$ cat run-v3.cif   # mmCIF, C-alpha atoms
data_coords
#
loop_
_atom_site.label_atom_id
_atom_site.label_comp_id
_atom_site.auth_asym_id
_atom_site.auth_seq_id
_atom_site.Cartn_x
_atom_site.Cartn_y
_atom_site.Cartn_z
CA MET A 1 -0.74 -27.64 36.68
CA ALA A 2 2.05 -28.47 34.24
CA ARG A 3 3.96 -25.56 32.81
CA TRP A 4 3.62 -24.98 29.08
CA GLN A 5 6.28 -26.96 27.14
CA PRO A 6 7.10 -25.86 23.61
CA GLY A 7 7.43 -28.45 20.83
CA ALA A 8 10.19 -28.53 18.22
CA ARG A 9 8.55 -25.95 15.99
CA ASP A 10 8.08 -23.42 18.79
CA ARG A 11 11.60 -24.08 20.08
CA LEU A 12 12.97 -23.31 16.61
CA VAL A 13 11.09 -20.00 16.50
CA MET A 14 12.29 -18.99 19.96
CA ALA A 15 15.88 -20.00 19.23
CA ALA A 16 15.84 -18.03 15.99
CA VAL A 17 14.42 -14.90 17.61
CA ASP A 18 17.00 -15.06 20.41
CA LEU A 19 19.84 -15.41 17.90
CA PHE A 20 18.48 -12.59 15.73
CA ALA A 21 18.38 -10.37 18.82
CA ASP A 22 21.90 -11.33 19.95
CA GLN A 23 23.84 -11.35 16.70
CA GLY A 24 21.54 -9.96 14.00
CA TYR A 25 19.34 -11.60 11.38
CA ASP A 26 21.97 -11.62 8.62
CA ASN A 27 24.63 -13.26 10.80
CA THR A 28 22.38 -16.10 11.95
CA THR A 29 22.45 -19.43 10.10
CA VAL A 30 19.92 -22.26 9.98
CA ALA A 31 22.57 -24.54 11.55
CA GLN A 32 22.89 -22.20 14.55
CA ILE A 33 19.12 -22.00 14.99
CA ALA A 34 18.73 -25.79 14.88
CA ASP A 35 21.65 -26.22 17.27
CA ARG A 36 20.22 -23.82 19.84
CA ALA A 37 16.79 -25.44 19.59
CA GLY A 38 18.39 -28.85 20.18
CA VAL A 39 17.26 -30.33 16.86
CA THR A 40 19.00 -31.27 13.60
CA LYS A 41 19.12 -29.09 10.49
CA SER A 42 16.83 -31.54 8.71
CA THR A 43 14.26 -31.07 11.49
CA PHE A 44 14.43 -27.32 10.83
CA PHE A 45 13.69 -27.93 7.16
CA ARG A 46 10.72 -30.15 8.05
CA TYR A 47 9.07 -27.06 9.52
CA PHE A 48 10.45 -24.16 7.45
CA PRO A 49 11.89 -23.88 3.91
CA ASP A 50 14.35 -21.18 5.06
CA LYS A 51 15.28 -18.63 7.71
CA ARG A 52 13.04 -15.88 6.39
CA GLU A 53 9.98 -18.12 6.18
CA LEU A 54 10.30 -18.82 9.88
CA LEU A 55 9.42 -15.19 10.49
CA VAL A 56 6.45 -14.89 8.18
CA ALA A 57 5.01 -18.31 9.04
CA GLY A 58 2.65 -16.85 11.63
CA GLN A 59 1.40 -14.12 9.33
CA GLU A 60 -0.72 -16.31 7.09
CA THR A 61 -2.55 -17.79 10.06
CA LEU A 62 -3.10 -14.33 11.53
CA CYS A 63 -4.43 -13.03 8.21
CA ARG A 64 -6.76 -15.98 7.82
CA LEU A 65 -8.22 -15.57 11.33
CA LEU A 66 -8.70 -11.81 10.94
CA VAL A 67 -10.48 -12.32 7.63
CA GLU A 68 -12.62 -15.17 8.98
CA GLY A 69 -13.74 -13.11 11.94
CA ILE A 70 -14.66 -10.16 9.74
CA THR A 71 -16.44 -12.32 7.18
CA GLU A 72 -18.47 -14.23 9.75
CA ALA A 73 -19.55 -11.18 11.77
CA PRO A 74 -23.36 -10.65 11.79
CA PRO A 75 -24.63 -8.86 8.65
CA ASP A 76 -25.77 -5.85 10.69
CA ALA A 77 -22.39 -5.39 12.42
CA THR A 78 -20.78 -1.98 11.86
CA PRO A 79 -17.37 -1.94 10.12
CA LEU A 80 -15.58 -1.61 13.47
CA GLU A 81 -17.69 -4.34 15.07
CA ALA A 82 -16.64 -6.64 12.21
CA VAL A 83 -13.00 -5.64 12.76
CA ALA A 84 -13.41 -6.36 16.48
CA ALA A 85 -14.70 -9.85 15.62
CA GLY A 86 -11.62 -10.45 13.44
CA LEU A 87 -9.28 -9.17 16.12
CA GLU A 88 -10.92 -11.38 18.73
CA GLN A 89 -10.57 -14.48 16.55
CA ALA A 90 -6.89 -13.72 15.86
CA SER A 91 -6.13 -12.77 19.47
CA ASN A 92 -7.62 -15.99 20.85
CA ALA A 93 -5.14 -17.96 18.74
CA MET A 94 -2.22 -16.27 20.52
CA GLY A 95 -1.03 -18.36 23.46
CA PRO A 96 1.77 -18.35 26.04
CA MET A 97 4.37 -19.00 23.32
CA ASN A 98 3.46 -15.72 21.64
CA ARG A 99 3.52 -13.84 24.90
CA GLU A 100 6.90 -15.22 25.98
CA LEU A 101 8.30 -14.56 22.53
CA GLY A 102 7.08 -10.95 22.45
CA PRO A 103 9.85 -9.06 24.27
CA ARG A 104 12.57 -11.04 22.49
CA LEU A 105 10.98 -10.49 19.10
CA LYS A 106 10.78 -6.79 19.88
CA ALA A 107 14.50 -6.71 20.71
CA ALA A 108 15.36 -8.60 17.51
CA ILE A 109 13.30 -6.19 15.39
CA ALA A 110 14.84 -3.15 17.09
CA ALA A 111 18.30 -4.49 16.18
CA SER A 112 17.73 -5.16 12.48
CA THR A 113 16.68 -2.91 9.60
CA GLU A 114 15.75 -6.00 7.59
CA LEU A 115 13.43 -7.23 10.35
CA GLN A 116 11.92 -3.75 10.75
CA GLU A 117 11.08 -3.75 7.06
CA ARG A 118 9.62 -7.28 7.29
CA ASP A 119 7.53 -6.22 10.27
CA THR A 120 6.25 -3.11 8.49
CA LEU A 121 5.31 -5.10 5.40
CA LYS A 122 3.55 -7.62 7.62
CA SER A 123 1.39 -4.88 9.17
CA VAL A 124 0.49 -3.53 5.75
CA GLY A 125 -0.36 -7.05 4.59
CA LEU A 126 -2.74 -7.49 7.54
CA ALA A 127 -4.37 -4.11 6.86
CA ASN A 128 -4.87 -5.00 3.19
CA ALA A 129 -6.43 -8.36 4.05
CA MET A 130 -8.85 -6.70 6.48
CA THR A 131 -9.71 -3.95 3.99
CA GLU A 132 -10.63 -6.55 1.36
CA ALA A 133 -12.69 -8.57 3.84
CA LEU A 134 -14.60 -5.41 4.79
CA GLU A 135 -15.16 -4.42 1.15
CA ALA A 136 -16.54 -7.90 0.56
CA ARG A 137 -19.15 -7.07 3.24
CA GLY A 138 -20.15 -4.00 1.23
CA VAL A 139 -18.23 -1.46 3.31
CA PRO A 140 -17.24 1.51 1.09
CA THR A 141 -13.49 1.58 0.32
CA PRO A 142 -12.43 4.63 2.38
CA VAL A 143 -14.33 3.39 5.45
CA ALA A 144 -12.89 -0.12 4.95
CA HIS A 145 -9.36 1.35 4.78
CA LEU A 146 -9.86 3.32 7.96
CA ALA A 147 -11.45 0.48 9.90
CA ALA A 148 -8.61 -1.85 8.86
CA GLU A 149 -5.94 0.70 9.89
CA LEU A 150 -7.61 1.07 13.27
CA GLY A 151 -7.66 -2.70 13.57
CA VAL A 152 -3.93 -3.02 12.90
CA LEU A 153 -3.09 -0.21 15.33
CA ALA A 154 -5.30 -1.81 17.99
CA PHE A 155 -3.68 -5.20 17.49
CA LYS A 156 -0.19 -3.70 17.82
CA GLN A 157 -1.06 -1.60 20.86
CA GLY A 158 -2.89 -4.45 22.61
CA TYR A 159 -0.03 -6.86 21.88
CA ALA A 160 2.58 -4.36 23.11
CA GLN A 161 0.70 -4.11 26.40
CA TRP A 162 0.06 -7.84 26.75
CA ILE A 163 3.73 -8.83 26.43
CA THR A 164 4.72 -6.55 29.32
CA LEU A 165 2.43 -8.35 31.80
CA ASP A 166 3.98 -10.57 34.48
CA HIS A 167 0.86 -12.68 34.79
CA ASP A 168 -1.80 -13.24 32.21
CA GLU A 169 -5.22 -14.64 32.92
CA ALA A 170 -7.47 -13.20 30.27
CA GLY A 171 -5.31 -13.52 27.14
CA LEU A 172 -4.61 -10.99 24.43
CA ALA A 173 -8.16 -10.23 23.24
CA PRO A 174 -9.28 -7.82 26.02
CA HIS A 175 -6.18 -5.65 25.50
CA VAL A 176 -6.73 -5.43 21.76
CA LEU A 177 -10.46 -4.68 22.05
CA LYS A 178 -9.79 -1.98 24.65
CA ALA A 179 -7.23 -0.37 22.31
CA LEU A 180 -9.75 -0.50 19.45
CA LYS A 181 -12.34 1.28 21.57
CA ALA A 182 -9.83 4.00 22.49
CA LEU A 183 -8.93 4.49 18.82
CA HIS A 184 -12.59 4.77 17.88
CA THR A 185 -13.02 7.44 20.55
CA ALA A 186 -9.94 9.23 19.15
CA THR A 187 -11.66 9.65 15.76
CA THR A 188 -13.94 12.25 17.38
CA SER A 189 -10.89 14.46 18.17
CA LEU A 190 -9.52 14.66 14.63
CA MET B 191 4.04 29.26 -23.68
CA ALA B 192 7.11 27.02 -23.66
CA ARG B 193 6.53 23.40 -22.83
CA TRP B 194 8.14 22.14 -19.66
CA GLN B 195 11.66 20.82 -20.37
CA PRO B 196 13.20 18.42 -17.90
CA GLY B 197 16.83 18.86 -16.80
CA ALA B 198 19.38 16.07 -16.46
CA ARG B 199 18.20 15.00 -13.02
CA ASP B 200 14.56 14.68 -14.06
CA ARG B 201 15.56 12.93 -17.30
CA LEU B 202 17.48 10.37 -15.24
CA VAL B 203 14.46 9.71 -13.02
CA MET B 204 12.13 9.32 -16.02
CA ALA B 205 14.58 7.06 -17.89
CA ALA B 206 14.99 4.89 -14.80
CA VAL B 207 11.26 4.54 -14.22
CA ASP B 208 10.67 3.64 -17.88
CA LEU B 209 13.38 0.98 -17.76
CA PHE B 210 12.08 -0.42 -14.46
CA ALA B 211 8.63 -0.70 -16.03
CA ASP B 212 9.95 -2.34 -19.22
CA GLN B 213 12.53 -4.77 -17.91
CA GLY B 214 12.25 -4.77 -14.12
CA TYR B 215 14.18 -3.02 -11.38
CA ASP B 216 16.74 -5.80 -10.87
CA ASN B 217 17.62 -6.06 -14.55
CA THR B 218 18.24 -2.34 -14.99
CA THR B 219 21.78 -0.97 -14.68
CA VAL B 220 23.02 2.55 -14.00
CA ALA B 221 24.73 2.50 -17.42
CA GLN B 222 21.39 1.80 -19.14
CA ILE B 223 19.66 4.59 -17.22
CA ALA B 224 22.36 7.12 -18.08
CA ASP B 225 22.34 6.01 -21.72
CA ARG B 226 18.56 6.41 -22.07
CA ALA B 227 18.67 9.82 -20.38
CA GLY B 228 21.40 10.92 -22.81
CA VAL B 229 24.01 11.57 -20.12
CA THR B 230 27.20 9.84 -18.99
CA LYS B 231 27.46 7.44 -16.05
CA SER B 232 29.48 10.04 -14.14
CA THR B 233 26.61 12.51 -14.57
CA PHE B 234 24.31 9.90 -13.01
CA PHE B 235 26.63 9.65 -10.02
CA ARG B 236 26.69 13.42 -9.63
CA TYR B 237 22.98 13.23 -8.82
CA PHE B 238 22.54 9.82 -7.18
CA PRO B 239 24.90 7.48 -5.29
CA ASP B 240 23.14 4.41 -6.74
CA LYS B 241 20.05 3.03 -8.47
CA ARG B 242 18.01 2.56 -5.31
CA GLU B 243 18.71 6.10 -4.07
CA LEU B 244 17.16 7.47 -7.24
CA LEU B 245 13.84 6.09 -6.05
CA VAL B 246 13.94 7.34 -2.48
CA ALA B 247 15.42 10.74 -3.36
CA GLY B 248 12.01 12.39 -3.51
CA GLN B 249 10.89 10.94 -0.21
CA GLU B 250 13.08 13.10 2.01
CA THR B 251 11.81 16.28 0.39
CA LEU B 252 8.22 15.08 0.71
CA CYS B 253 8.74 14.20 4.38
CA ARG B 254 10.33 17.57 5.09
CA LEU B 255 7.47 19.50 3.45
CA LEU B 256 4.76 17.49 5.22
CA VAL B 257 6.44 18.03 8.57
CA GLU B 258 7.02 21.76 7.90
CA GLY B 259 3.39 22.29 6.98
CA ILE B 260 2.19 20.48 10.11
CA THR B 261 4.65 22.28 12.38
CA GLU B 262 3.85 25.73 11.03
CA ALA B 263 0.06 25.34 11.11
CA PRO B 264 -1.68 27.82 13.49
CA PRO B 265 -1.60 26.68 17.14
CA ASP B 266 -5.39 26.35 17.24
CA ALA B 267 -5.59 24.15 14.12
CA THR B 268 -7.19 20.74 14.69
CA PRO B 269 -5.01 17.68 14.01
CA LEU B 270 -6.59 17.22 10.56
CA GLU B 271 -6.24 20.92 9.74
CA ALA B 272 -2.53 20.62 10.52
CA VAL B 273 -2.32 17.52 8.31
CA ALA B 274 -4.10 19.44 5.55
CA ALA B 275 -1.48 22.22 5.83
CA GLY B 276 1.30 19.63 5.48
CA LEU B 277 -0.38 17.98 2.51
CA GLU B 278 -0.86 21.34 0.81
CA GLN B 279 2.81 22.25 1.25
CA ALA B 280 3.94 18.88 -0.14
CA SER B 281 1.40 18.89 -2.99
CA ASN B 282 2.46 22.34 -4.16
CA ALA B 283 5.99 21.04 -4.67
CA MET B 284 4.72 18.45 -7.17
CA GLY B 285 4.96 19.77 -10.71
CA PRO B 286 4.43 18.53 -14.28
CA MET B 287 7.39 16.16 -13.94
CA ASN B 288 5.64 14.31 -11.13
CA ARG B 289 2.39 14.16 -13.03
CA GLU B 290 3.96 12.85 -16.24
CA LEU B 291 5.98 10.35 -14.25
CA GLY B 292 2.95 9.05 -12.34
CA PRO B 293 1.48 6.47 -14.72
CA ARG B 294 4.93 5.10 -15.58
CA LEU B 295 5.93 4.86 -11.94
CA LYS B 296 2.68 3.02 -11.26
CA ALA B 297 3.48 0.52 -14.03
CA ALA B 298 7.02 0.01 -12.72
CA ILE B 299 5.76 -0.61 -9.18
CA ALA B 300 3.08 -3.03 -10.39
CA ALA B 301 5.81 -5.04 -12.16
CA SER B 302 8.23 -5.41 -9.26
CA THR B 303 7.86 -6.90 -5.78
CA GLU B 304 10.98 -5.01 -4.70
CA LEU B 305 9.48 -1.68 -5.79
CA GLN B 306 6.16 -2.54 -4.13
CA GLU B 307 8.00 -3.11 -0.89
CA ARG B 308 9.96 0.14 -1.32
CA ASP B 309 6.72 2.00 -1.98
CA THR B 310 5.01 0.51 1.07
CA LEU B 311 7.94 1.40 3.31
CA LYS B 312 7.89 4.91 1.87
CA SER B 313 4.22 5.36 2.84
CA VAL B 314 4.90 4.10 6.34
CA GLY B 315 7.87 6.48 6.61
CA LEU B 316 5.65 9.43 5.65
CA ALA B 317 2.99 8.38 8.18
CA ASN B 318 5.60 8.10 10.93
CA ALA B 319 7.03 11.54 10.14
CA MET B 320 3.56 13.10 10.25
CA THR B 321 2.68 11.28 13.49
CA GLU B 322 5.80 12.69 15.17
CA ALA B 323 5.13 16.20 13.88
CA LEU B 324 1.59 16.02 15.28
CA GLU B 325 2.79 14.67 18.63
CA ALA B 326 5.22 17.60 18.78
CA ARG B 327 2.14 19.86 18.57
CA GLY B 328 0.70 18.12 21.63
CA VAL B 329 -1.71 15.85 19.75
CA PRO B 330 -2.26 12.62 21.78
CA THR B 331 -0.56 9.58 20.19
CA PRO B 332 -3.64 7.64 18.99
CA VAL B 333 -5.16 10.75 17.41
CA ALA B 334 -1.79 11.63 15.83
CA HIS B 335 -1.55 8.12 14.37
CA LEU B 336 -5.02 8.31 12.92
CA ALA B 337 -4.61 11.79 11.48
CA ALA B 338 -1.30 10.78 9.86
CA GLU B 339 -2.85 7.63 8.35
CA LEU B 340 -5.67 9.69 6.92
CA GLY B 341 -3.08 12.08 5.50
CA VAL B 342 -1.15 9.33 3.74
CA LEU B 343 -4.35 7.79 2.33
CA ALA B 344 -5.50 11.23 1.11
CA PHE B 345 -2.16 11.90 -0.53
CA LYS B 346 -2.22 8.54 -2.32
CA GLN B 347 -5.84 8.89 -3.43
CA GLY B 348 -5.40 12.49 -4.58
CA TYR B 349 -2.22 11.62 -6.47
CA ALA B 350 -3.85 8.60 -8.12
CA GLN B 351 -6.61 10.86 -9.41
CA TRP B 352 -4.30 13.69 -10.47
CA ILE B 353 -2.11 11.50 -12.70
CA THR B 354 -5.12 10.32 -14.71
CA LEU B 355 -6.03 13.87 -15.83
CA ASP B 356 -5.40 14.92 -19.42
CA HIS B 357 -5.15 18.58 -18.50
CA ASP B 358 -4.15 20.03 -15.20
CA GLU B 359 -4.74 23.61 -14.16
CA ALA B 360 -5.05 23.53 -10.42
CA GLY B 361 -2.25 21.18 -9.43
CA LEU B 362 -2.26 18.28 -7.00
CA ALA B 363 -3.37 20.04 -3.80
CA PRO B 364 -7.15 20.29 -4.45
CA HIS B 365 -7.35 16.54 -5.19
CA VAL B 366 -5.52 15.64 -2.00
CA LEU B 367 -7.55 18.02 0.18
CA LYS B 368 -10.80 16.73 -1.29
CA ALA B 369 -9.74 13.16 -0.52
CA LEU B 370 -8.85 14.16 3.05
CA LYS B 371 -12.29 15.67 3.54
CA ALA B 372 -13.96 12.48 2.25
CA LEU B 373 -11.87 10.37 4.61
CA HIS B 374 -12.81 12.58 7.55
CA THR B 375 -16.46 12.13 6.65
CA ALA B 376 -15.88 8.37 6.46
CA THR B 377 -14.83 8.30 10.13
CA THR B 378 -18.46 8.91 11.08
CA SER B 379 -19.46 5.61 9.42
CA LEU B 380 -17.08 3.37 11.33
#

$ encode --input "run-v3.cif" --output "structure tokens"
Amino acid sequence: MARWQPGARDRLVMAAVDLFADQGYDNTTVAQIADRAGVTKSTFFRYFPDKRELLVAGQETLCRLLVEGITEAPPDATPLEAVAAGLEQASNAMGPMNRELGPRLKAAIAASTELQERDTLKSVGLANAMTEALEARGVPTPVAHLAAELGVLAFKQGYAQWITLDHDEAGLAPHVLKALKALHTATTSL
Amino acid sequence: MARWQPGARDRLVMAAVDLFADQGYDNTTVAQIADRAGVTKSTFFRYFPDKRELLVAGQETLCRLLVEGITEAPPDATPLEAVAAGLEQASNAMGPMNRELGPRLKAAIAASTELQERDTLKSVGLANAMTEALEARGVPTPVAHLAAELGVLAFKQGYAQWITLDHDEAGLAPHVLKALKALHTATTSL
């Protein structure tokens, strides 16, 4: 079976994350990213308007999938079952590129206050999107908030576990859903 | 009974928040803030190193009080009882200045993406501090996370209610503790 080969867009993301980790976000230029990815600067700009956008590009897709999953869950699903449906939809869109990128992205974030702030704001953005999708299902606001927070924590914890695996057969979803179940259980020990 | 009279430091904070609300955070200078507060620029710098610091100044105190309350709660307190102790300690430090400032701060934040991001990062910082304080009590990580998130939500909801009151006798704490109780109840509907 052929090994997964990233296209230009994925190569740009990986090159950028490696450079951010090595020399910091602020010190990295678009020219350096394009160079490392083996493409021209104008190819970079075909995919991303700027360096920052490269980082948030995945967030909109993630948000959309989480919201879709929640919205399309059966009407009688509990709030957390709806969140689980959103998480499953989003997790299934994460492939080998995301898994290979994980440890490097983690290193880049650890090395940069700016990236830590971006990452935090991203999490809050995902939680807000899920809260609104749950409210649109008629879930009362405090319950929607809680269910969304649990969803974000589960996604983070499942992802953190997934990217440490040497081999991956089942994908991200089982890790995230297991984390969600554990968090639900934890609510009984508050 | 004498009406509450703010000192120079509080006047600087109120002047800054008013100017941020009127003309935006980026467009406001230290000179304008000092001028509106009726003090010199060098007085401003006696209290704050810069414009941004003025906004985060309160956060360290808040963090410290939340953590103190959690740490000093009785050993047999549940995670949420410890959080309630932290919230009570922090709430009791909020006086008329904080209440009068509330609606203006809200307007300033609504008008500025930069302040929204600052505010979001502040909430996450408080949640992290509470999570660590709970873990130090031996609370398992997922439960600590959840309890801290509930604490931050309760603080925000209680504060939002408190600043809408025309008269205030009892202070912030009862509003925050009531919100925490409602959130705890909400966990049974997940």

$ atom_distance --input "run-v3.cif" --atom1 "atom CA of Pro364 of chain B" --atom2 "atom CA of Gly315 of chain B"
23.2 Å

$ resolve_selection --input "run-v3.cif" --expression "the PyMOL selection byres ((chain A) within 7 of (chain B))" --output "JSON, numbers by chain"
{"A": [78, 79, 80, 142, 143, 147, 183, 186, 187, 189, 190]}

$ closest_residue --input "run-v3.cif" --among "B:Gly248, B:Ala267, B:Arg199, B:Thr218" --to "Arg236 of chain B" --atoms "all atoms listed in the file"
B:Arg199

$ atom_distance --input "run-v3.cif" --atom1 "atom CA of Phe210 of chain B" --atom2 "atom CA of Glu290 of chain B"
15.7 Å

$ resolve_selection --input "run-v3.cif" --expression "the PyMOL selection byres ((chain B and resi 244) around 12)" --output "ChimeraX atom specification"
/B:199-207,210,215,220,223,234-243,245-250,308

$ closest_residue --input "run-v3.cif" --among "A:Lys156, A:Leu62, A:Gly69, A:Glu135" --to "Lys106 of chain A" --atoms "all atoms listed in the file"
A:Lys156

$ resolve_selection --input "run-v3.cif" --expression "the PyMOL selection byres ((chain B and resi 349) around 9)" --output "ChimeraX atom specification"
/B:281,289,292,344-348,350-354,362-363,365-366

$ closest_residue --input "run-v3.cif" --among "A:Ile70, A:Ala170, A:Ala37, A:Ala93" --to "Thr131 of chain A" --atoms "all atoms listed in the file"
A:Ile70

$ atom_distance --input "run-v3.cif" --atom1 "atom CA of Lys371 of chain B" --atom2 "atom CA of Leu87 of chain A"
28.0 Å

$ residues_around --input "run-v3.cif" --residues "Leu256 of chain B" --least-positions-apart "6" --cutoff "12 Å" --atoms "all atoms listed in the file" --output "number ranges by chain"
B: 249-250, 262-263, 272-283, 315-324, 338, 341-342, 345

$ axis_aligned_box --input "run-v3.cif" --around "segment 83-87 of chain A" --padding-each-side "4 Å" --output "JSON"
{"center_x": -12.0, "center_y": -8.0, "center_z": 14.6, "size_x": 13.4, "size_y": 12.8, "size_z": 11.7}
